[in-house]
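K.L.:
Could you have a look at this structure, given as structure tokens, before my questions?
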Amino acid sequence: MKYLLLILVPSSILQWLSLVAFAAAGWFVSSRRTGNQKDTSNVWGVLCGILLFYGLKNIFGGLSDIFNKDVTKYFEYKFMAQSVRNTIFPSLINFLLSVLRIAIGSFLAYSAYSNLPPTPEEKRKQEQADNLTKAIINSNDVNRTLREIDRQTERQRNAEQVERTILQMGDSLDMAKAEEGHPNYHGYKLVDDDNGGQPDPLWNTMNPDDIQQARSQFRLYGNPGGGLSQSDFSTNEIQSGQKGEQVLASMIAGNCPNVLSFWSLRGLDAGQRETSADIDCVIVGQGVDGMTYIWFVDAKNYKGGSDTAYRNIADDQLVRICISQRAFEKGVDGRPDLQLSSNMDWQRTNWSARLNGRAVVAEWLVCMVPTSDKGVPDVNGVMWPGNIPCVTPEELVRRVNAVGLDSVQNIPLDWLDMFKKQLKK
């Protein structure tokens, strides 16, 4: 209790006069800073002056206690044995309490300084800073709102463009109008299935042994469709995709003898790190002109035979048409339109770092694969995002064989090593 009074109560007339002087100085400094002697904030200036007095009082008092060791007189040590009182223990208590007093004094002095009323110039700068902060926050809110408006406007514009494209398609293909009360797509007839079709020219050339034979001849690496088991697709989608890749692998193995093919490869991200986004197939051949030719292929097994056609209604959207019925054709989700992935466009960008500056000609393709003897859908003119052409297996084989290819033994080993390392396990 005595020590608390030492900290809080002035101990002499001089200290009381100093307290009054500091309070008056606080009023004076505050009035000079605010420019108004009657401003109520000057009362806070008085409090700051008093705080400063107590801060300095306890800082200097604490320093005095450390050197004079007078603090022990404010405590009773009757509970201690005389032998303990004559040791360093009281001196240690003296030191710790003195440091505590200095800390209290420093805190009070800092509080006095930091809480002085601001000058008009400081107020103006603080208001400017606050207004700037609010403006930035409001600007960010406005920018977010504008971006959302832009996205909504873009979606609306795209929807209107799709509507116009469908109407133009309906007129040019003489699509049948839907009867009242019947399923329709933008007013046109909507059917469940096509009427079949004729087999793809390469369908009858497939041999179940082609894949194994190409593998034994070291012309085929990886597992066609194997990477889909690690994807997020449904079971039906995985099985459909696996079947499509296996059909395409058999067609390539049986009809393109001078190439190596790699199946189910890991893709690359922008930092050249492996990613879960895969590439279905890479076909590599060495031209007699000394160039290496590489085809990156994404195999697609979509609904429909040769009586089905796919057409772009947007850069990233297709629509399915039954040719014989002049109607739009439903997919498994009941809709004739479907969204396209940009994966091949991304992969083309990310792989460019590994291809640039080398003697290589690379082509990126999507291949629509038949999985029955009803043929392959018509994909004439169809493009995936990034203007990546969609072709049939017949067109893919034609493009590969149209290049004058040398023996696979002349393919540089670094290409072989690079693509083998990208295979999914």
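Identifiers for the structure tokens are assigned positionally: chains receive A, B, ... in sequence, residues are indexed from 1 per chain, and ligands are indexed from 1 in the order shown.
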Would you mind listing, for every residue of stretch 139-175 of chain A within 10 Å of stretch 187-195 of chain A, the two atoms forming the shortest contact and the distance between them in Å to one decimal, using only C-alpha atoms, sorted by chain and ascending residue number, as a Markdown table?

P.N.:
```
| residue | atom | partner | partner_atom | distance |
| --- | --- | --- | --- | --- |
| A:Ile166 | CA | A:Tyr188 | CA | 9.4 |
| A:Leu167 | CA | A:Tyr188 | CA | 9.1 |
| A:Gly170 | CA | A:Tyr188 | CA | 7.5 |
| A:Met175 | CA | A:Tyr188 | CA | 6.7 |
```

K.L.:
Only C-alpha atoms, please: the residues just picked out, written as an mmCIF file, in the first residue's frame.

P.N.:
```cif
data_model
loop_
_atom_site.group_PDB
_atom_site.id
_atom_site.type_symbol
_atom_site.label_atom_id
_atom_site.label_comp_id
_atom_site.auth_asym_id
_atom_site.auth_seq_id
_atom_site.Cartn_x
_atom_site.Cartn_y
_atom_site.Cartn_z
ATOM 1 C CA ILE A 166 -29.400 -21.805 -83.410
ATOM 2 C CA LEU A 167 -32.033 -19.955 -85.411
ATOM 3 C CA GLY A 170 -32.378 -24.197 -88.008
ATOM 4 C CA MET A 175 -34.727 -28.202 -89.036
#
```

K.L.:
Looking only at strand (DSSP E) from DSSP on the backbone, list the matching residues of stretch 215-330 of chain A as number ranges by chain.

P.N.:
A: 220-222, 260-268, 274-286, 292-300, 308-314, 317-322, 327-329

K.L.:
Can you tell me, as a VMD selection string, what residues are no more than 9 Å from stretch 205-219 of chain A when counting only C-alpha atoms, ignoring any on the same chain fewer than 5 positions away?

P.N.:
chain A and resid 246 to 247 249 to 255 257 to 262 408

K.L.:
Considering only C-alpha atoms, state which residue in the set A:Asn204, A:Asn158, A:Thr349, A:Thr133 is at the smallest distance from A:Gln272.

P.N.:
A:Thr349

K.L.:
Need the shell around A:Arg320: protein/DNA/RNA residues with any atom at most 12 Å away, counting only C-alpha atoms. Skip same-chain ones fewer than 5 positions apart. Format as number ranges by chain?

P.N.:
A: 166, 169, 185, 190-194, 302-313, 326-332, 334-339, 377-379, 382

K.L.:
Here is a test: counting only C-alpha atoms, which residue of A:Arg348, A:Lys125, A:Lys300, A:Arg155 is nearest to A:Gln242?

P.N.:
A:Lys300

K.L.:
Please report the interatomic distance between atom CA of A:Val361 and atom CA of A:Tyr293 in Å with one decimal.

P.N.:
4.9 Å

K.L.:
Leaving out A:Asp316 and any residue of its chain fewer than 3 positions from it, which residues lie within 7 Å of it when counting only C-alpha atoms, given as a list in words?

P.N.:
Gln339, Leu340, Trp384 and Pro385 of chain A

K.L.:
Using only all heavy atoms, please write the residues we just selected to a file, as a compact mmCIF listing (two decimals), in the first residue's frame.

P.N.:
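New file selection.txt:
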```txt
# COMPACT_ATOMS: atom_id res chain seq x y z
N GLN A 339 -21.08 -28.43 -73.05
CA GLN A 339 -19.97 -27.52 -72.82
C GLN A 339 -18.66 -28.20 -73.16
O GLN A 339 -18.48 -29.40 -72.95
CB GLN A 339 -19.96 -27.07 -71.36
CG GLN A 339 -19.24 -25.77 -71.09
CD GLN A 339 -19.99 -24.56 -71.61
OE1 GLN A 339 -21.21 -24.59 -71.79
NE2 GLN A 339 -19.26 -23.48 -71.86
N LEU A 340 -17.72 -27.41 -73.69
CA LEU A 340 -16.41 -27.94 -74.08
C LEU A 340 -15.34 -27.52 -73.09
O LEU A 340 -15.36 -26.41 -72.56
CB LEU A 340 -16.04 -27.44 -75.48
CG LEU A 340 -17.02 -27.77 -76.60
CD1 LEU A 340 -16.50 -27.21 -77.92
CD2 LEU A 340 -17.24 -29.27 -76.71
N TRP A 384 -12.66 -26.93 -80.97
CA TRP A 384 -12.62 -26.83 -79.52
C TRP A 384 -12.04 -25.47 -79.14
O TRP A 384 -11.44 -24.79 -79.99
CB TRP A 384 -11.76 -27.97 -78.96
CG TRP A 384 -12.53 -28.99 -78.16
CD1 TRP A 384 -12.42 -29.23 -76.83
CD2 TRP A 384 -13.52 -29.91 -78.65
NE1 TRP A 384 -13.28 -30.24 -76.45
CE2 TRP A 384 -13.97 -30.67 -77.55
CE3 TRP A 384 -14.08 -30.16 -79.91
CZ2 TRP A 384 -14.94 -31.65 -77.65
CZ3 TRP A 384 -15.05 -31.14 -80.02
CH2 TRP A 384 -15.47 -31.88 -78.90
N PRO A 385 -12.22 -25.03 -77.88
CA PRO A 385 -11.65 -23.73 -77.46
C PRO A 385 -10.18 -23.60 -77.83
O PRO A 385 -9.39 -24.54 -77.66
CB PRO A 385 -11.84 -23.75 -75.93
CG PRO A 385 -13.07 -24.58 -75.73
CD PRO A 385 -12.99 -25.66 -76.78
```

K.L.:
Please compute the atom CA of A:Ala159-atom CA of A:Trp364 distance, one decimal, in Å.

P.N.:
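These two atoms are separated by 28.3 Å.
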
K.L.:
Neighbours of A:Ala270 within 9 Å (only C-alpha atoms; same-chain residues fewer than 5 positions away dropped), as a list in words?

P.N.:
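Listed by chain and then number, they are Trp346, Gln347, Thr349, Asn350 and Trp351 of chain A.
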
K.L.:
Write down as JSON, numbers by chain the residues of stretch 241-415 of chain A whose backbone DSSP state falls under helix (DSSP H, G or I).

P.N.:
{"A": [241, 242, 243, 244, 245, 246, 247, 248, 249, 250, 251, 252, 253, 254, 255, 343, 344, 345, 346, 347, 348, 349, 350, 351, 352, 353, 354, 355, 393, 394, 395, 396, 397, 398, 399, 400, 401, 402, 408, 409, 410, 413, 414, 415]}
